[in-house]
Amino acid sequence: MNEITISSEHIYRVDGVPVESVTQAIGRAGLDPNAGFYNKEGAKRGTDVHVMLEHYDLMTLNLQTVRKEYIGYLKAYNLFCRMTLPHWDLDGIEQTFYSETFNFCGTRDRVGSILWKNQRVKCVLDLKTGVKTSWHGIQLAGYTLDHRYDRERFGLYLKDNGTYSLQHYTDDGEFDTFINILKGEM
């Protein structure tokens with residue numbers, strides 16, 4: 001089995017060899033995920049909220065340690081959970097993966113199922129604390145490439161005011177776009 005490691009700089013390695021990530025591939029193609037949006041404060045917020053929600057889902061969150069400016073994101077996620085009743089797979093929280101077929105890595109925020117339109121659907125869900133952008137569907141296509149036909153793709157956009165929006169990504173062309181990116185054809 002391949003040993004996957006990720007550094008604090010988000011460099012993935014498989015058996016010690018650097019491997020491109022989903023986000024790096026998208027950036028290489030000129031669809032820079034960070035262009036116009038990236039700043040250190042936003043990156044720190046995204047990382048901090050991901051860690052906080054990982055602890056929330058694992059039932060290890062100490063509410064006394066939650067920073068005041070992140071309470072709204074926690075409330076938004078709690079509301080999402082009450083509305084969609086997620087069941088995350090046993091290894092489906094911050095799931096690091098490697099695609100041997102296409103030689104890339106990534107980290108799926110959540111893998112499991114949610115209630116969607118009165119049905120329980122299998123899904124891969126990406127947590128976002130910023131605004132929706134055009135490359136998010138392509139990013140999720142990368143995260144679900146090996147589950148293309150059996151998982152729905154969702155972006156969960158958490159807001160600091162305690163609300164959220166849930167985007168269902170359904171454009172199958174985003175899979176082809178991501179594959180073309182990996183092949184260097186974009």
# chains A, B, ... in the order shown; residues from 1 in each chain; ligands from 1
call {"tool": "closest_atom_pairs", "arguments": {"of": "region 112-134 of chain A", "to": "region 50-54 of chain A", "cutoff": "12 Å", "atoms": "only C-alpha atoms", "output": "JSON lines"}}
result
{"residue": "A:Asp126", "atom": "CA", "partner": "A:His50", "partner_atom": "CA", "distance": 10.0}
{"residue": "A:Leu127", "atom": "CA", "partner": "A:His50", "partner_atom": "CA", "distance": 7.4}
{"residue": "A:Lys128", "atom": "CA", "partner": "A:His50", "partner_atom": "CA", "distance": 8.8}
{"residue": "A:Thr129", "atom": "CA", "partner": "A:His50", "partner_atom": "CA", "distance": 9.2}
call {"tool": "write_last_selection", "arguments": {"atoms": "N, CA and C atoms", "output": "JSON list (two decimals), in the first residue's frame"}}
result
[["chain", "number", "residue", "atom", "x", "y", "z"],
["A", 126, "ASP", "N", -17.11, 19.33, 0.10],
["A", 126, "ASP", "CA", -15.97, 20.20, 0.34],
["A", 126, "ASP", "C", -16.43, 21.40, 1.16],
["A", 127, "LEU", "N", -15.72, 21.67, 2.24],
["A", 127, "LEU", "CA", -16.03, 22.80, 3.12],
["A", 127, "LEU", "C", -15.36, 24.06, 2.60],
["A", 128, "LYS", "N", -16.10, 25.16, 2.56],
["A", 128, "LYS", "CA", -15.57, 26.44, 2.09],
["A", 128, "LYS", "C", -15.98, 27.53, 3.07],
["A", 129, "THR", "N", -15.04, 28.45, 3.33],
["A", 129, "THR", "CA", -15.36, 29.62, 4.16],
["A", 129, "THR", "C", -15.29, 30.90, 3.34]]
call {"tool": "select_by_dssp", "arguments": {"residues": "region 68-149 of chain A", "states": "alpha helix (DSSP H)", "output": "number ranges by chain"}}
result
A: 71-84, 136-144
call {"tool": "closest_atom_pairs", "arguments": {"of": "region 93-164 of chain A", "to": "region 9-13 of chain A", "cutoff": "12 Å", "atoms": "only C-alpha atoms", "output": "JSON lines"}}
result
{"residue": "A:Thr96", "atom": "CA", "partner": "A:Tyr12", "partner_atom": "CA", "distance": 9.4}
{"residue": "A:Phe97", "atom": "CA", "partner": "A:Tyr12", "partner_atom": "CA", "distance": 9.8}
{"residue": "A:Tyr98", "atom": "CA", "partner": "A:Tyr12", "partner_atom": "CA", "distance": 9.2}
{"residue": "A:Asn103", "atom": "CA", "partner": "A:Arg13", "partner_atom": "CA", "distance": 10.8}
{"residue": "A:Phe104", "atom": "CA", "partner": "A:Tyr12", "partner_atom": "CA", "distance": 8.7}
{"residue": "A:Cys105", "atom": "CA", "partner": "A:Tyr12", "partner_atom": "CA", "distance": 6.6}
{"residue": "A:Gly106", "atom": "CA", "partner": "A:Tyr12", "partner_atom": "CA", "distance": 7.9}
{"residue": "A:Thr107", "atom": "CA", "partner": "A:Tyr12", "partner_atom": "CA", "distance": 9.8}
call {"tool": "select_by_dssp", "arguments": {"residues": "region 22-177 of chain A", "states": "strand (DSSP E)", "output": "MDAnalysis selection string"}}
result
chainID A and resid 87:99 104:116 119:128 152:158 164:169
call {"tool": "write_last_selection", "arguments": {"atoms": "N, CA and C atoms", "output": "short mmCIF file (atom, residue, chain, number, x, y, z; two decimals), in the first residue's frame"}}
result
data_model
loop_
_atom_site.label_atom_id
_atom_site.label_comp_id
_atom_site.auth_asym_id
_atom_site.auth_seq_id
_atom_site.Cartn_x
_atom_site.Cartn_y
_atom_site.Cartn_z
N HIS A 87 -24.03 11.36 7.54
CA HIS A 87 -23.38 10.15 8.06
C HIS A 87 -22.04 10.08 7.35
N TRP A 88 -20.97 10.45 8.02
CA TRP A 88 -19.65 10.41 7.39
C TRP A 88 -19.07 9.02 7.53
N ASP A 89 -18.43 8.54 6.46
CA ASP A 89 -17.77 7.24 6.50
C ASP A 89 -16.75 7.22 7.64
N LEU A 90 -16.44 6.03 8.11
CA LEU A 90 -15.51 5.88 9.23
C LEU A 90 -14.20 6.62 8.97
N ASP A 91 -13.70 6.55 7.74
CA ASP A 91 -12.47 7.27 7.38
C ASP A 91 -12.78 8.47 6.49
N GLY A 92 -14.00 8.97 6.57
CA GLY A 92 -14.48 10.00 5.65
C GLY A 92 -14.34 11.44 6.10
N ILE A 93 -13.55 11.69 7.13
CA ILE A 93 -13.32 13.05 7.61
C ILE A 93 -11.87 13.41 7.33
N GLU A 94 -11.68 14.43 6.47
CA GLU A 94 -10.33 14.83 6.05
C GLU A 94 -9.57 13.62 5.50
N GLN A 95 -10.14 13.03 4.47
CA GLN A 95 -9.65 11.78 3.88
C GLN A 95 -8.60 12.07 2.79
N THR A 96 -7.35 11.79 3.12
CA THR A 96 -6.26 11.94 2.15
C THR A 96 -6.25 10.73 1.23
N PHE A 97 -6.04 10.98 -0.08
CA PHE A 97 -6.07 9.88 -1.04
C PHE A 97 -5.02 10.07 -2.12
N TYR A 98 -4.72 9.00 -2.81
CA TYR A 98 -3.80 9.00 -3.94
C TYR A 98 -4.44 8.24 -5.09
N SER A 99 -4.45 8.84 -6.27
CA SER A 99 -4.95 8.16 -7.47
C SER A 99 -3.75 7.58 -8.22
N PHE A 104 -2.05 11.61 -8.74
CA PHE A 104 -2.26 12.86 -8.02
C PHE A 104 -2.83 12.54 -6.64
N CYS A 105 -2.76 13.51 -5.75
CA CYS A 105 -3.27 13.37 -4.38
C CYS A 105 -4.26 14.47 -4.06
N GLY A 106 -4.95 14.29 -2.96
CA GLY A 106 -5.85 15.32 -2.45
C GLY A 106 -6.37 14.93 -1.09
N THR A 107 -7.13 15.83 -0.52
CA THR A 107 -7.79 15.55 0.76
C THR A 107 -9.26 15.91 0.61
N ARG A 108 -10.09 14.89 0.71
CA ARG A 108 -11.55 15.10 0.66
C ARG A 108 -11.98 15.53 2.05
N ASP A 109 -12.71 16.64 2.14
CA ASP A 109 -13.12 17.13 3.46
C ASP A 109 -14.07 16.15 4.14
N ARG A 110 -15.09 15.70 3.42
CA ARG A 110 -16.04 14.74 3.99
C ARG A 110 -16.49 13.77 2.90
N VAL A 111 -16.58 12.50 3.29
CA VAL A 111 -17.10 11.45 2.42
C VAL A 111 -18.13 10.68 3.23
N GLY A 112 -19.31 10.53 2.67
CA GLY A 112 -20.37 9.81 3.38
C GLY A 112 -21.69 10.00 2.67
N SER A 113 -22.71 10.39 3.44
CA SER A 113 -24.02 10.62 2.84
C SER A 113 -24.73 11.73 3.60
N ILE A 114 -25.65 12.39 2.89
CA ILE A 114 -26.49 13.42 3.48
C ILE A 114 -27.92 13.24 2.97
N LEU A 115 -28.86 13.85 3.66
CA LEU A 115 -30.23 13.92 3.14
C LEU A 115 -30.27 15.07 2.15
N TRP A 116 -30.71 14.76 0.93
CA TRP A 116 -30.78 15.74 -0.14
C TRP A 116 -32.07 15.50 -0.90
N GLN A 119 -33.97 12.37 0.13
CA GLN A 119 -33.33 11.08 -0.09
C GLN A 119 -31.93 11.11 0.50
N ARG A 120 -31.48 9.97 0.98
CA ARG A 120 -30.09 9.88 1.45
C ARG A 120 -29.23 9.59 0.23
N VAL A 121 -28.24 10.46 -0.01
CA VAL A 121 -27.36 10.31 -1.16
C VAL A 121 -25.91 10.22 -0.70
N LYS A 122 -25.15 9.33 -1.35
CA LYS A 122 -23.71 9.25 -1.11
C LYS A 122 -23.07 10.49 -1.70
N CYS A 123 -22.07 11.03 -1.01
CA CYS A 123 -21.48 12.26 -1.51
C CYS A 123 -20.04 12.45 -1.05
N VAL A 124 -19.38 13.36 -1.74
CA VAL A 124 -18.13 13.97 -1.30
C VAL A 124 -18.46 15.44 -1.13
N LEU A 125 -18.12 15.98 0.03
CA LEU A 125 -18.47 17.35 0.37
C LEU A 125 -17.20 18.14 0.68
N ASP A 126 -17.11 19.33 0.10
CA ASP A 126 -15.97 20.20 0.34
C ASP A 126 -16.43 21.40 1.16
N LEU A 127 -15.72 21.67 2.24
CA LEU A 127 -16.03 22.80 3.12
C LEU A 127 -15.36 24.06 2.60
N LYS A 128 -16.10 25.16 2.56
CA LYS A 128 -15.57 26.44 2.09
C LYS A 128 -15.98 27.53 3.07
N GLU A 152 -22.32 11.91 -5.26
CA GLU A 152 -22.68 13.27 -5.64
C GLU A 152 -21.60 14.21 -5.12
N ARG A 153 -21.48 15.39 -5.72
CA ARG A 153 -20.48 16.38 -5.32
C ARG A 153 -21.17 17.62 -4.76
N PHE A 154 -20.74 18.02 -3.56
CA PHE A 154 -21.32 19.20 -2.93
C PHE A 154 -20.23 20.12 -2.39
N GLY A 155 -20.47 21.41 -2.52
CA GLY A 155 -19.66 22.42 -1.85
C GLY A 155 -20.52 23.04 -0.76
N LEU A 156 -20.01 23.04 0.46
CA LEU A 156 -20.73 23.63 1.59
C LEU A 156 -20.06 24.96 1.93
N TYR A 157 -20.75 26.04 1.66
CA TYR A 157 -20.23 27.40 1.86
C TYR A 157 -20.75 27.94 3.19
N LEU A 158 -19.86 27.93 4.17
CA LEU A 158 -20.21 28.37 5.53
C LEU A 158 -19.95 29.86 5.65
N TYR A 164 -25.46 29.10 5.81
CA TYR A 164 -24.67 28.37 4.83
C TYR A 164 -25.45 28.27 3.53
N SER A 165 -24.73 27.93 2.47
CA SER A 165 -25.38 27.52 1.22
C SER A 165 -24.72 26.22 0.77
N LEU A 166 -25.50 25.38 0.15
CA LEU A 166 -25.04 24.08 -0.30
C LEU A 166 -25.16 24.04 -1.82
N GLN A 167 -24.04 23.89 -2.50
CA GLN A 167 -24.01 23.85 -3.96
C GLN A 167 -23.84 22.41 -4.42
N HIS A 168 -24.78 21.93 -5.22
CA HIS A 168 -24.70 20.59 -5.80
C HIS A 168 -24.05 20.72 -7.17
N TYR A 169 -22.88 20.13 -7.34
CA TYR A 169 -22.16 20.20 -8.61
C TYR A 169 -22.53 18.98 -9.45
#
call {"tool": "closest_residue", "arguments": {"among": "A:His136, A:Arg28, A:Lys68, A:Lys44", "to": "Glu174 (chain A)", "atoms": "only C-alpha atoms"}}
result
A:His136
call {"tool": "closest_residue", "arguments": {"among": "A:Ala141, A:Ala29, A:Ile4, A:Leu63", "to": "Val17 (chain A)", "atoms": "only C-alpha atoms"}}
result
A:Ile4
call {"tool": "residues_around", "arguments": {"residues": "Asp160 (chain A)", "least_positions_apart": "4", "cutoff": "10 Å", "atoms": "only C-alpha atoms", "output": "PyMOL selection string"}}
result
chain A and resi 69-76+129-130+164
call {"tool": "write_last_selection", "arguments": {"atoms": "N, CA and C atoms", "output": "compact mmCIF listing (two decimals), in the first residue's frame"}}
result
# COMPACT_ATOMS: atom_id res chain seq x y z
N GLU A 69 -14.33 34.57 16.60
CA GLU A 69 -14.61 34.89 15.20
C GLU A 69 -15.01 33.67 14.37
N TYR A 70 -14.89 32.46 14.95
CA TYR A 70 -15.27 31.24 14.23
C TYR A 70 -16.61 30.66 14.69
N ILE A 71 -17.23 31.26 15.69
CA ILE A 71 -18.51 30.76 16.21
C ILE A 71 -19.56 30.69 15.10
N GLY A 72 -19.63 31.70 14.25
CA GLY A 72 -20.62 31.72 13.17
C GLY A 72 -20.46 30.54 12.21
N TYR A 73 -19.21 30.19 11.90
CA TYR A 73 -18.95 29.04 11.02
C TYR A 73 -19.40 27.74 11.68
N LEU A 74 -19.15 27.65 12.98
CA LEU A 74 -19.59 26.47 13.73
C LEU A 74 -21.11 26.38 13.76
N LYS A 75 -21.77 27.51 13.97
CA LYS A 75 -23.24 27.52 13.97
C LYS A 75 -23.78 27.14 12.59
N ALA A 76 -23.13 27.63 11.54
CA ALA A 76 -23.57 27.31 10.17
C ALA A 76 -23.43 25.81 9.92
N THR A 129 -15.04 28.45 3.33
CA THR A 129 -15.36 29.62 4.16
C THR A 129 -15.29 30.90 3.34
N GLY A 130 -15.05 30.76 2.06
CA GLY A 130 -14.99 31.92 1.17
C GLY A 130 -16.14 31.90 0.19
N TYR A 164 -25.46 29.10 5.81
CA TYR A 164 -24.67 28.37 4.83
C TYR A 164 -25.45 28.27 3.53
call {"tool": "closest_residue", "arguments": {"among": "A:Val66, A:Ser7, A:Trp135, A:Leu145", "to": "Ile179 (chain A)", "atoms": "only C-alpha atoms"}}
result
A:Leu145
call {"tool": "closest_residue", "arguments": {"among": "A:Ala43, A:Asp15, A:Thr133, A:Asn118", "to": "Met83 (chain A)", "atoms": "only C-alpha atoms"}}
result
A:Asn118
call {"tool": "closest_residue", "arguments": {"among": "A:Asn78, A:Gln64, A:Thr84, A:Asn180", "to": "Thr163 (chain A)", "atoms": "only C-alpha atoms"}}
result
A:Asn78
call {"tool": "atom_distance", "arguments": {"atom1": "CA of Thr5 (chain A)", "atom2": "CA of Val19 (chain A)"}}
result
10.0 Å
call {"tool": "atom_distance", "arguments": {"atom1": "CA of Ile26 (chain A)", "atom2": "CA of Asp171 (chain A)"}}
result
16.7 Å
call {"tool": "closest_residue", "arguments": {"among": "A:Arg151, A:Thr65, A:Gln139, A:Lys132", "to": "Thr23 (chain A)", "atoms": "only C-alpha atoms"}}
result
A:Gln139
